[in-house]
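Participant: So that you have it, the file is my_file04.pdb, and it contains PDB, C-alpha atoms:
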```
ATOM      1  CA  LYS M   1      59.822 -55.338 -10.855
ATOM      2  CA  ILE M   2      63.077 -54.421 -12.617
ATOM      3  CA  PRO M   3      62.621 -51.262 -14.728
ATOM      4  CA  GLN M   4      63.104 -51.737 -18.455
ATOM      5  CA  ILE M   5      63.262 -49.160 -21.221
ATOM      6  CA  PRO M   6      60.630 -49.981 -23.879
ATOM      7  CA  GLU M   7      62.154 -51.151 -27.178
ATOM      8  CA  ASN M   8      60.629 -48.255 -29.143
ATOM      9  CA  PRO M   9      59.612 -45.748 -26.469
ATOM     10  CA  THR M  10      56.858 -43.278 -27.371
ATOM     11  CA  TYR M  11      55.618 -40.048 -25.811
ATOM     12  CA  GLN M  12      52.262 -41.693 -24.975
ATOM     13  CA  GLY M  13      53.878 -44.633 -23.203
ATOM     14  CA  PHE M  14      56.319 -42.374 -21.371
ATOM     15  CA  ARG M  15      53.581 -39.970 -20.313
ATOM     16  CA  THR M  16      51.564 -42.754 -18.650
ATOM     17  CA  GLU M  17      54.497 -43.892 -16.475
ATOM     18  CA  GLU M  18      53.673 -43.356 -12.800
ATOM     19  CA  GLU M  19      57.103 -41.867 -12.121
ATOM     20  CA  VAL M  20      56.691 -39.345 -14.970
ATOM     21  CA  GLU M  21      53.422 -38.201 -13.388
ATOM     22  CA  LEU M  22      55.246 -37.637 -10.085
ATOM     23  CA  LEU M  23      58.118 -35.800 -11.790
ATOM     24  CA  LEU M  24      55.675 -33.444 -13.521
ATOM     25  CA  LYS M  25      54.230 -32.546 -10.104
ATOM     26  CA  ASP M  26      57.696 -31.787  -8.714
ATOM     27  CA  ASP M  27      58.524 -28.111  -9.324
ATOM     28  CA  ARG M  28      62.140 -28.882 -10.267
ATOM     29  CA  SER M  29      61.631 -31.689 -12.771
ATOM     30  CA  LEU M  30      60.953 -31.757 -16.512
ATOM     31  CA  PRO M  31      60.887 -35.447 -17.561
ATOM     32  CA  LEU M  32      62.306 -35.988 -21.071
ATOM     33  CA  GLY M  33      63.426 -39.594 -21.394
ATOM     34  CA  TYR M  34      64.849 -42.692 -19.757
ATOM     35  CA  ASP M  35      68.145 -42.951 -17.895
ATOM     36  CA  MET M  36      70.030 -45.712 -19.699
ATOM     37  CA  GLU M  37      71.778 -46.977 -16.574
ATOM     38  CA  SER M  38      68.766 -47.241 -14.252
ATOM     39  CA  ALA M  39      66.092 -47.584 -17.021
ATOM     40  CA  ARG M  40      63.942 -45.194 -14.970
ATOM     41  CA  PRO M  41      62.451 -41.927 -16.255
ATOM     42  CA  TRP M  42      64.991 -39.116 -16.302
ATOM     43  CA  ALA M  43      64.175 -35.433 -15.808
ATOM     44  CA  LEU M  44      66.015 -32.151 -16.194
ATOM     45  CA  ASP M  45      66.431 -30.276 -12.902
ATOM     46  CA  LEU M  46      64.952 -26.836 -13.581
ATOM     47  CA  SER M  47      66.819 -25.324 -10.617
ATOM     48  CA  ARG M  48      70.181 -26.079 -12.226
ATOM     49  CA  PHE M  49      70.089 -24.569 -15.686
ATOM     50  CA  TYR M  50      68.680 -21.740 -17.732
ATOM     51  CA  CYS M  51      69.676 -22.455 -21.355
ATOM     52  CA  TRP M  52      69.937 -26.034 -22.633
ATOM     53  CA  ILE M  53      71.486 -26.951 -25.982
ATOM     54  CA  VAL M  54      70.188 -29.893 -28.023
ATOM     55  CA  SER M  55      73.264 -30.650 -30.114
ATOM     56  CA  GLY M  56      73.652 -33.073 -32.992
ATOM     57  CA  ARG M  57      74.199 -33.364 -36.706
ATOM     58  CA  LYS M  58      71.367 -33.610 -39.219
ATOM     59  CA  ARG M  59      68.948 -36.486 -38.650
ATOM     60  CA  SER M  60      70.242 -37.173 -35.125
ATOM     61  CA  GLY M  61      66.879 -36.578 -33.395
ATOM     62  CA  LYS M  62      67.157 -32.908 -32.356
ATOM     63  CA  THR M  63      63.672 -31.932 -33.569
ATOM     64  CA  ASN M  64      62.135 -34.986 -31.899
ATOM     65  CA  LEU M  65      63.640 -33.998 -28.534
ATOM     66  CA  LEU M  66      62.540 -30.358 -28.925
ATOM     67  CA  GLN M  67      59.069 -31.639 -29.813
ATOM     68  CA  LEU M  68      59.089 -33.647 -26.580
ATOM     69  CA  VAL M  69      60.191 -30.517 -24.668
ATOM     70  CA  VAL M  70      57.134 -28.652 -26.052
ATOM     71  CA  ARG M  71      54.809 -31.510 -25.059
ATOM     72  CA  MET M  72      56.229 -31.998 -21.563
ATOM     73  CA  ALA M  73      56.548 -28.253 -20.882
ATOM     74  CA  THR M  74      52.851 -27.884 -21.753
ATOM     75  CA  GLU M  75      52.043 -30.743 -19.360
ATOM     76  CA  LYS M  76      54.188 -29.103 -16.690
ATOM     77  CA  GLY M  77      52.255 -25.866 -16.988
ATOM     78  CA  GLY M  78      53.275 -22.372 -17.973
ATOM     79  CA  LYS M  79      53.743 -20.388 -21.153
ATOM     80  CA  VAL M  80      55.468 -22.107 -24.079
ATOM     81  CA  TYR M  81      56.907 -20.203 -27.063
ATOM     82  CA  VAL M  82      58.179 -22.024 -30.140
ATOM     83  CA  PHE M  83      60.477 -20.459 -32.773
ATOM     84  CA  ALA M  84      60.726 -22.668 -35.866
ATOM     85  CA  GLU M  85      60.099 -22.828 -39.618
ATOM     86  CA  LYS M  86      56.571 -22.567 -40.967
ATOM     87  CA  ASN M  87      54.924 -25.900 -41.828
ATOM     88  CA  SER M  88      57.446 -27.743 -39.626
ATOM     89  CA  ILE M  89      56.892 -30.532 -37.111
ATOM     90  CA  LEU M  90      57.380 -27.989 -34.341
ATOM     91  CA  GLU M  91      54.688 -25.703 -35.750
ATOM     92  CA  LYS M  92      52.291 -28.668 -35.772
ATOM     93  CA  THR M  93      53.273 -29.524 -32.182
ATOM     94  CA  ALA M  94      52.813 -25.903 -31.066
ATOM     95  CA  ASP M  95      49.381 -25.968 -32.685
ATOM     96  CA  GLU M  96      48.452 -29.248 -30.966
ATOM     97  CA  THR M  97      49.603 -28.078 -27.532
ATOM     98  CA  GLY M  98      48.448 -24.454 -27.650
ATOM     99  CA  ALA M  99      52.000 -23.052 -27.551
ATOM    100  CA  SER M 100      52.682 -19.636 -29.117
ATOM    101  CA  PHE M 101      54.436 -20.012 -32.476
ATOM    102  CA  TYR M 102      56.805 -17.681 -34.354
ATOM    103  CA  ALA M 103      58.257 -18.366 -37.815
ATOM    104  CA  PRO M 104      61.476 -16.635 -39.046
ATOM    105  CA  GLU M 105      59.462 -14.214 -41.192
ATOM    106  CA  ASP M 106      57.185 -13.208 -38.284
ATOM    107  CA  ASP M 107      57.537 -10.018 -36.277
ATOM    108  CA  TYR M 108      59.111 -10.806 -32.881
ATOM    109  CA  VAL M 109      58.030  -7.493 -31.328
ATOM    110  CA  PRO M 110      54.751  -8.928 -29.879
ATOM    111  CA  PHE M 111      56.792 -11.654 -28.121
ATOM    112  CA  CYS M 112      59.124  -9.018 -26.660
ATOM    113  CA  MET M 113      56.196  -6.853 -25.528
ATOM    114  CA  GLU M 114      54.541  -9.825 -23.859
ATOM    115  CA  ILE M 115      57.601 -11.088 -22.017
ATOM    116  CA  LYS M 116      59.250  -7.769 -21.089
ATOM    117  CA  PRO M 117      56.984  -6.778 -18.126
ATOM    118  CA  GLU M 118      57.455 -10.268 -16.624
ATOM    119  CA  LEU M 119      61.202 -10.036 -17.096
ATOM    120  CA  VAL M 120      61.407  -6.614 -15.438
ATOM    121  CA  LYS M 121      59.243  -7.734 -12.496
ATOM    122  CA  ARG M 122      61.190 -10.967 -11.978
ATOM    123  CA  ASN M 123      64.554  -9.287 -12.372
ATOM    124  CA  ARG M 124      63.631  -6.768  -9.663
ATOM    125  CA  LYS M 125      62.470  -9.544  -7.322
ATOM    126  CA  LYS M 126      65.645 -11.573  -7.899
ATOM    127  CA  HIS M 127      67.831  -8.481  -7.380
ATOM    128  CA  GLU M 128      66.132  -7.752  -4.040
ATOM    129  CA  LEU M 129      66.718 -11.344  -2.906
ATOM    130  CA  GLU M 130      70.405 -11.127  -3.920
ATOM    131  CA  CYS M 131      70.780  -7.849  -2.024
ATOM    132  CA  ALA M 132      69.190  -9.488   1.038
ATOM    133  CA  GLY M 133      71.937 -12.142   0.928
ATOM    134  CA  TYR M 134      69.826 -15.084  -0.261
ATOM    135  CA  SER M 135      71.746 -18.095  -1.628
ATOM    136  CA  ASP M 136      71.069 -19.478  -5.137
ATOM    137  CA  GLU M 137      69.018 -22.285  -3.583
ATOM    138  CA  GLU M 138      66.934 -19.819  -1.531
ATOM    139  CA  ILE M 139      66.461 -17.584  -4.589
ATOM    140  CA  TYR M 140      65.148 -20.549  -6.576
ATOM    141  CA  GLU M 141      62.694 -21.392  -3.763
ATOM    142  CA  GLN M 142      61.325 -17.833  -3.852
ATOM    143  CA  MET M 143      61.270 -17.494  -7.645
ATOM    144  CA  LYS M 144      59.514 -20.818  -8.310
ATOM    145  CA  GLU M 145      56.227 -19.091  -7.408
ATOM    146  CA  GLU M 146      56.464 -17.363 -10.827
ATOM    147  CA  GLU M 147      54.848 -19.000 -13.841
ATOM    148  CA  ASN M 148      57.224 -21.141 -15.921
ATOM    149  CA  ILE M 149      58.165 -19.680 -19.300
ATOM    150  CA  PHE M 150      59.599 -22.167 -21.792
ATOM    151  CA  ILE M 151      61.230 -20.942 -25.019
ATOM    152  CA  VAL M 152      62.034 -23.541 -27.694
ATOM    153  CA  ILE M 153      64.237 -22.587 -30.670
ATOM    154  CA  ASP M 154      64.488 -25.131 -33.464
ATOM    155  CA  ASP M 155      67.809 -23.944 -34.961
ATOM    156  CA  LEU M 156      69.981 -21.670 -32.819
ATOM    157  CA  ALA M 157      72.416 -20.705 -35.606
ATOM    158  CA  ALA M 158      69.686 -19.803 -38.132
ATOM    159  CA  PHE M 159      67.671 -17.983 -35.448
ATOM    160  CA  THR M 160      70.722 -15.938 -34.374
ATOM    161  CA  GLU M 161      71.504 -14.952 -37.977
ATOM    162  CA  LYS M 162      67.907 -13.823 -38.488
ATOM    163  CA  LEU M 163      67.947 -11.913 -35.190
ATOM    164  CA  TYR M 164      70.871  -9.754 -36.339
ATOM    165  CA  GLN M 165      69.635  -9.388 -39.917
ATOM    166  CA  PRO M 166      65.878  -8.829 -39.631
ATOM    167  CA  ALA M 167      63.756  -8.746 -42.779
ATOM    168  CA  GLU M 168      63.180  -5.364 -44.384
ATOM    169  CA  GLY M 169      60.654  -3.332 -42.415
ATOM    170  CA  ARG M 170      61.069  -5.461 -39.276
ATOM    171  CA  ALA M 171      62.261  -3.839 -36.055
ATOM    172  CA  SER M 172      65.557  -5.134 -34.667
ATOM    173  CA  VAL M 173      65.002  -6.894 -31.345
ATOM    174  CA  SER M 174      68.501  -8.377 -30.961
ATOM    175  CA  GLY M 175      69.222  -6.044 -28.013
ATOM    176  CA  PHE M 176      66.198  -7.339 -26.119
ATOM    177  CA  PHE M 177      67.134 -10.984 -26.752
ATOM    178  CA  GLU M 178      70.722 -10.253 -25.655
ATOM    179  CA  THR M 179      69.539  -8.645 -22.417
ATOM    180  CA  PHE M 180      67.129 -11.330 -21.346
ATOM    181  CA  THR M 181      69.509 -14.200 -22.165
ATOM    182  CA  ASP M 182      72.217 -12.408 -20.171
ATOM    183  CA  LYS M 183      70.031 -12.012 -17.080
ATOM    184  CA  GLY M 184      67.784 -15.071 -17.262
ATOM    185  CA  TRP M 185      69.071 -17.216 -14.381
ATOM    186  CA  TYR M 186      66.467 -17.906 -11.661
ATOM    187  CA  HIS M 187      63.679 -16.094 -13.489
ATOM    188  CA  GLN M 188      61.718 -19.343 -14.113
ATOM    189  CA  ILE M 189      62.526 -18.855 -17.799
ATOM    190  CA  PHE M 190      63.996 -21.857 -19.593
ATOM    191  CA  LEU M 191      65.408 -21.751 -23.111
ATOM    192  CA  PHE M 192      65.964 -24.862 -25.252
ATOM    193  CA  ALA M 193      67.799 -24.584 -28.561
ATOM    194  CA  GLY M 194      68.709 -27.077 -31.274
ATOM    195  CA  LEU M 195      72.197 -26.716 -32.750
ATOM    196  CA  ASN M 196      74.115 -28.467 -35.497
ATOM    197  CA  GLN M 197      77.614 -27.448 -34.404
ATOM    198  CA  ASP M 198      78.815 -27.375 -38.000
ATOM    199  CA  ASP M 199      76.694 -24.212 -38.353
ATOM    200  CA  ARG M 200      78.034 -22.339 -35.335
ATOM    201  CA  PHE M 201      80.938 -20.511 -37.009
ATOM    202  CA  SER M 202      78.725 -17.898 -38.666
ATOM    203  CA  VAL M 203      77.230 -16.815 -35.322
ATOM    204  CA  GLN M 204      80.104 -17.224 -32.847
ATOM    205  CA  GLY M 205      80.822 -13.896 -31.181
ATOM    206  CA  ARG M 206      77.203 -12.725 -31.441
ATOM    207  CA  ALA M 207      76.126 -11.798 -27.899
ATOM    208  CA  PHE M 208      72.836 -13.693 -28.056
ATOM    209  CA  TYR M 209      74.510 -16.923 -29.219
ATOM    210  CA  GLU M 210      77.300 -16.569 -26.639
ATOM    211  CA  ASN M 211      74.768 -16.003 -23.827
ATOM    212  CA  VAL M 212      72.723 -19.074 -24.773
ATOM    213  CA  THR M 213      75.779 -21.360 -25.000
ATOM    214  CA  ARG M 214      77.740 -19.800 -22.100
ATOM    215  CA  ASP M 215      77.006 -22.447 -19.446
ATOM    216  CA  ARG M 216      77.586 -25.356 -21.869
ATOM    217  CA  ASN M 217      74.521 -27.188 -20.551
ATOM    218  CA  GLY M 218      72.830 -29.611 -22.909
ATOM    219  CA  VAL M 219      72.723 -32.977 -24.613
ATOM    220  CA  HIS M 220      74.514 -34.331 -27.680
ATOM    221  CA  LEU M 221      72.638 -36.742 -29.936
ATOM    222  CA  GLY M 222      74.160 -39.251 -32.342
ATOM    223  CA  GLY M 223      77.366 -39.950 -30.406
ATOM    224  CA  ASN M 224      80.864 -38.976 -31.587
ATOM    225  CA  ALA M 225      81.088 -36.532 -28.677
ATOM    226  CA  GLY M 226      84.802 -36.110 -29.371
ATOM    227  CA  SER M 227      84.063 -34.512 -32.735
ATOM    228  CA  GLN M 228      82.327 -31.466 -31.212
ATOM    229  CA  GLN M 229      83.844 -28.614 -29.206
ATOM    230  CA  LEU M 230      80.937 -26.905 -27.440
ATOM    231  CA  LEU M 231      79.767 -29.388 -24.807
ATOM    232  CA  ASN M 232      81.946 -31.127 -22.234
ATOM    233  CA  PHE M 233      81.873 -34.909 -21.726
ATOM    234  CA  ASP M 234      84.817 -35.431 -19.363
ATOM    235  CA  TYR M 235      83.217 -38.557 -17.950
ATOM    236  CA  LEU M 236      83.775 -40.360 -21.280
ATOM    237  CA  SER M 237      87.342 -41.285 -20.436
ATOM    238  CA  SER M 238      88.479 -43.366 -23.396
ATOM    239  CA  PHE M 239      88.990 -42.363 -27.023
ATOM    240  CA  ARG M 240      86.605 -45.165 -28.016
ATOM    241  CA  GLU M 241      83.808 -43.774 -25.807
ATOM    242  CA  GLN M 242      84.391 -40.237 -27.101
ATOM    243  CA  ASN M 243      84.099 -41.383 -30.720
ATOM    244  CA  HIS M 244      81.389 -44.003 -30.380
ATOM    245  CA  THR M 245      78.304 -43.538 -32.598
ATOM    246  CA  GLU M 246      74.999 -43.779 -30.749
ATOM    247  CA  PRO M 247      71.723 -45.040 -32.226
ATOM    248  CA  LEU M 248      68.916 -42.592 -33.009
ATOM    249  CA  GLY M 249      67.246 -41.348 -29.835
ATOM    250  CA  VAL M 250      70.247 -41.823 -27.526
ATOM    251  CA  GLY M 251      71.724 -38.670 -26.012
ATOM    252  CA  LEU M 252      74.839 -37.917 -23.974
ATOM    253  CA  LEU M 253      74.250 -35.414 -21.156
ATOM    254  CA  ALA M 254      76.921 -32.713 -20.952
ATOM    255  CA  VAL M 255      78.806 -31.851 -17.760
ATOM    256  CA  GLY M 256      77.948 -28.142 -18.158
ATOM    257  CA  GLU M 257      79.299 -26.186 -15.228
ATOM    258  CA  GLY M 258      79.256 -29.325 -13.090
ATOM    259  CA  ARG M 259      75.767 -29.092 -11.598
ATOM    260  CA  MET M 260      73.926 -31.324 -14.066
ATOM    261  CA  LYS M 261      73.372 -35.078 -14.066
ATOM    262  CA  THR M 262      75.502 -36.835 -16.693
ATOM    263  CA  GLY M 263      75.221 -40.127 -18.557
ATOM    264  CA  LYS M 264      73.231 -41.574 -21.443
ATOM    265  CA  VAL M 265      69.513 -41.055 -21.956
ATOM    266  CA  VAL M 266      66.974 -42.565 -24.336
ATOM    267  CA  ILE M 267      64.492 -40.096 -25.843
ATOM    268  CA  PRO M 268      60.985 -41.353 -26.671
ATOM    269  CA  ASN M 269      59.408 -40.711 -30.062
ATOM    270  CA  ALA M 270      57.518 -37.454 -29.486
ATOM    271  CA  ARG M 271      55.053 -37.875 -32.326
ATOM    272  CA  LYS M 272      51.498 -38.436 -31.165
ATOM    273  CA  GLN M 273      50.577 -41.945 -32.242
ATOM    274  CA  GLY M 274      47.532 -42.042 -34.450
ATOM    275  CA  GLY M 275      47.734 -38.283 -34.807
TER     276      GLY M 275
END
```
As structure tokens, what does this structure read like?
Facilitator:
Amino acid sequence: KIPQIPENPTYQGFRTEEEVELLLKDDRSLPLGYDMESARPWALDLSRFYCWIVSGRKRSGKTNLLQLVVRMATEKGGKVYVFAEKNSILEKTADETGASFYAPEDDYVPFCMEIKPELVKRNRKKHELECAGYSDEEIYEQMKEEENIFIVIDDLAAFTEKLYQPAEGRASVSGFFETFTDKGWYHQIFLFAGLNQDDRFSVQGRAFYENVTRDRNGVHLGGNAGSQQLLNFDYLSSFREQNHTEPLGVGLLAVGEGRMKTGKVVIPNARKQGG
């Protein structure tokens, strides 16, 4: 049977695919869509990234993909934290899946208190492995015993601004966020952040933003890859390919630092049908 991508793929249909079930059981894989070339389910390799940018202009499908991340991360198992606006689609999804939810006006100190002991413990373990001469691959194999922690940020630029200008009476936790995003590799912590690149100028230079975007790993939705500067799409060789508009739900996978799979992916509709 030749694989075919459904015409209007949905989360429910995707979730029932046999291959998706297998990918969820594989410690390295987080399935998030269909590979356009092979038409088979495509998954992010959790051993090859730490922060992943979901880039695109308004109405390009960023929130839908982040919603799918929340759903699939919950299926994968582990702790899921969602940072988004109150009364948003992502708040509803966090509520449906049991993920922890923080709105911009909320106090982030409880999140920091909850995650800090884990971070310290994992950082010590990773440091000991590095000192013992373990390779990156061997470190991943040892660290995968730790519980997955998935952090999903709806709007990276707005979140960064809020982080450095907390509401009156709120403690500043920017230093904590800077530290953990600087040291997060191989801690079984994975951060996903939506970004409209038109908004990045106000936060460029902020340590937290620079840490999250440092490895240039991510996906760009809506096409016109040539019009953005953050992510690298060297494999799109012609001017036409670089400036081609893609339909809603089609993403271009960035080269990053060269360890990630590239190509086009189709993202299912993450909304629960009938819900």
Participant: Report the closest atom pair, with its distance in Å rounded to one decimal, for each residue of segment 32-81 of chain M that has an atom no farther than 9 Å from segment 245-253 of chain M; count all atoms listed in the file, sort by chain and then rising residue number, and write it as JSON lines.
Facilitator:
```
{"residue": "M:Met36", "atom": "CA", "partner": "M:Val250", "partner_atom": "CA", "distance": 8.7}
{"residue": "M:Arg59", "atom": "CA", "partner": "M:Leu248", "partner_atom": "CA", "distance": 8.3}
{"residue": "M:Ser60", "atom": "CA", "partner": "M:Leu248", "partner_atom": "CA", "distance": 6.0}
{"residue": "M:Gly61", "atom": "CA", "partner": "M:Gly249", "partner_atom": "CA", "distance": 6.0}
{"residue": "M:Lys62", "atom": "CA", "partner": "M:Gly249", "partner_atom": "CA", "distance": 8.8}
{"residue": "M:Asn64", "atom": "CA", "partner": "M:Gly249", "partner_atom": "CA", "distance": 8.4}
{"residue": "M:Leu65", "atom": "CA", "partner": "M:Gly249", "partner_atom": "CA", "distance": 8.3}
```
Participant: If we count all atoms listed in the file, what is near segment 196-213 of chain M at a cut-off of 7 Å, once residues fewer than 5 positions away on the same chain are taken out, given as a list in words?
Facilitator: Cys51, Ser55, Gly56, Arg57, Lys58, Ala157, Thr160, Glu161, Phe177, Glu178, Thr181, Asp182 and Gln228 of chain M
Participant: I'd like to see the residues matched by the PyMOL selection byres ((chain M and resi 141) around 12) on this file, and ideally I'd get them as JSON, numbers by chain.
Facilitator: {"M": [27, 28, 46, 47, 126, 129, 134, 135, 136, 137, 138, 139, 140, 142, 143, 144, 145, 146, 186, 187, 188]}
Participant: Rounded to one decimal place, report the atom CA of Pro117 of chain M-atom CA of Asp95 of chain M distance in Å.
Facilitator: 25.3 Å
Participant: Name the residues that the PyMOL selection byres ((chain M and resi 8-18) around 7) pulls out of this structure, and write them as a PyMOL selection string.
Facilitator: chain M and resi 6-7+19-22+268-272
Participant: Can you spell out as a ChimeraX atom specification the set of residues that the PyMOL selection byres ((chain M and resi 217) around 6) selects in the structure I just provided?
Facilitator: /M:52,215-216,218,256
Participant: Give me, please, the distance in Å between atom CA of Leu156 of chain M and atom CA of Leu191 of chain M, quoted to one decimal.
Facilitator: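 Separation of atom CA of Leu156 of chain M and atom CA of Leu191 of chain M: 10.7 Å.
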Participant: Find the distance between atom CA of Gln242 of chain M and atom CA of Asn224 of chain M and write it in Å to one decimal.
Facilitator: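 Those two atoms sit 5.8 Å apart.
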Participant: For each of M:Leu230, M:Ile53, M:Phe150, M:Ala103, take the minimum atom-to-atom distance to Arg71 of chain M, counting only C-alpha atoms, then give the residue where this is smallest.
Facilitator: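 Of all the options, M:Phe150 lies closest to Arg71 of chain M.
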Participant: Mind listing as a list of chain:residue names all residues within 9 Å of (78.5, -39.3, -24.1), counting only C-alpha atoms?
Facilitator: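 Here the neighbourhood of the point contains M:Val219, M:His220, M:Leu221, M:Gly223, M:Asn224, M:Ala225, M:Gly226, M:Phe233, M:Asp234, M:Tyr235, M:Leu236, M:Glu241, M:Gln242, M:Asn243, M:His244, M:Glu246, M:Gly251, M:Leu252, M:Leu253, M:Ala254, M:Thr262, M:Gly263, M:Lys264.
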Participant: Mind working out the centre and edge lengths of an axis-aligned box for segment 104-119 of chain M, all listed atoms inside, 5 Å added to each side, rounded to one decimal in Å and written as lines of an AutoDock Vina configuration file?
Facilitator:
```
center_x = 58.0
center_y = -11.7
center_z = -28.9
size_x = 16.9
size_y = 19.9
size_z = 34.6
```
Participant: Which is closest to Tyr102 of chain M among M:Ser174, M:Glu128, M:Leu24, M:Asp154, if we use all atoms listed in the file?
Facilitator: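 Residue with the minimum atom-to-atom distance to Tyr102 of chain M: M:Asp154.
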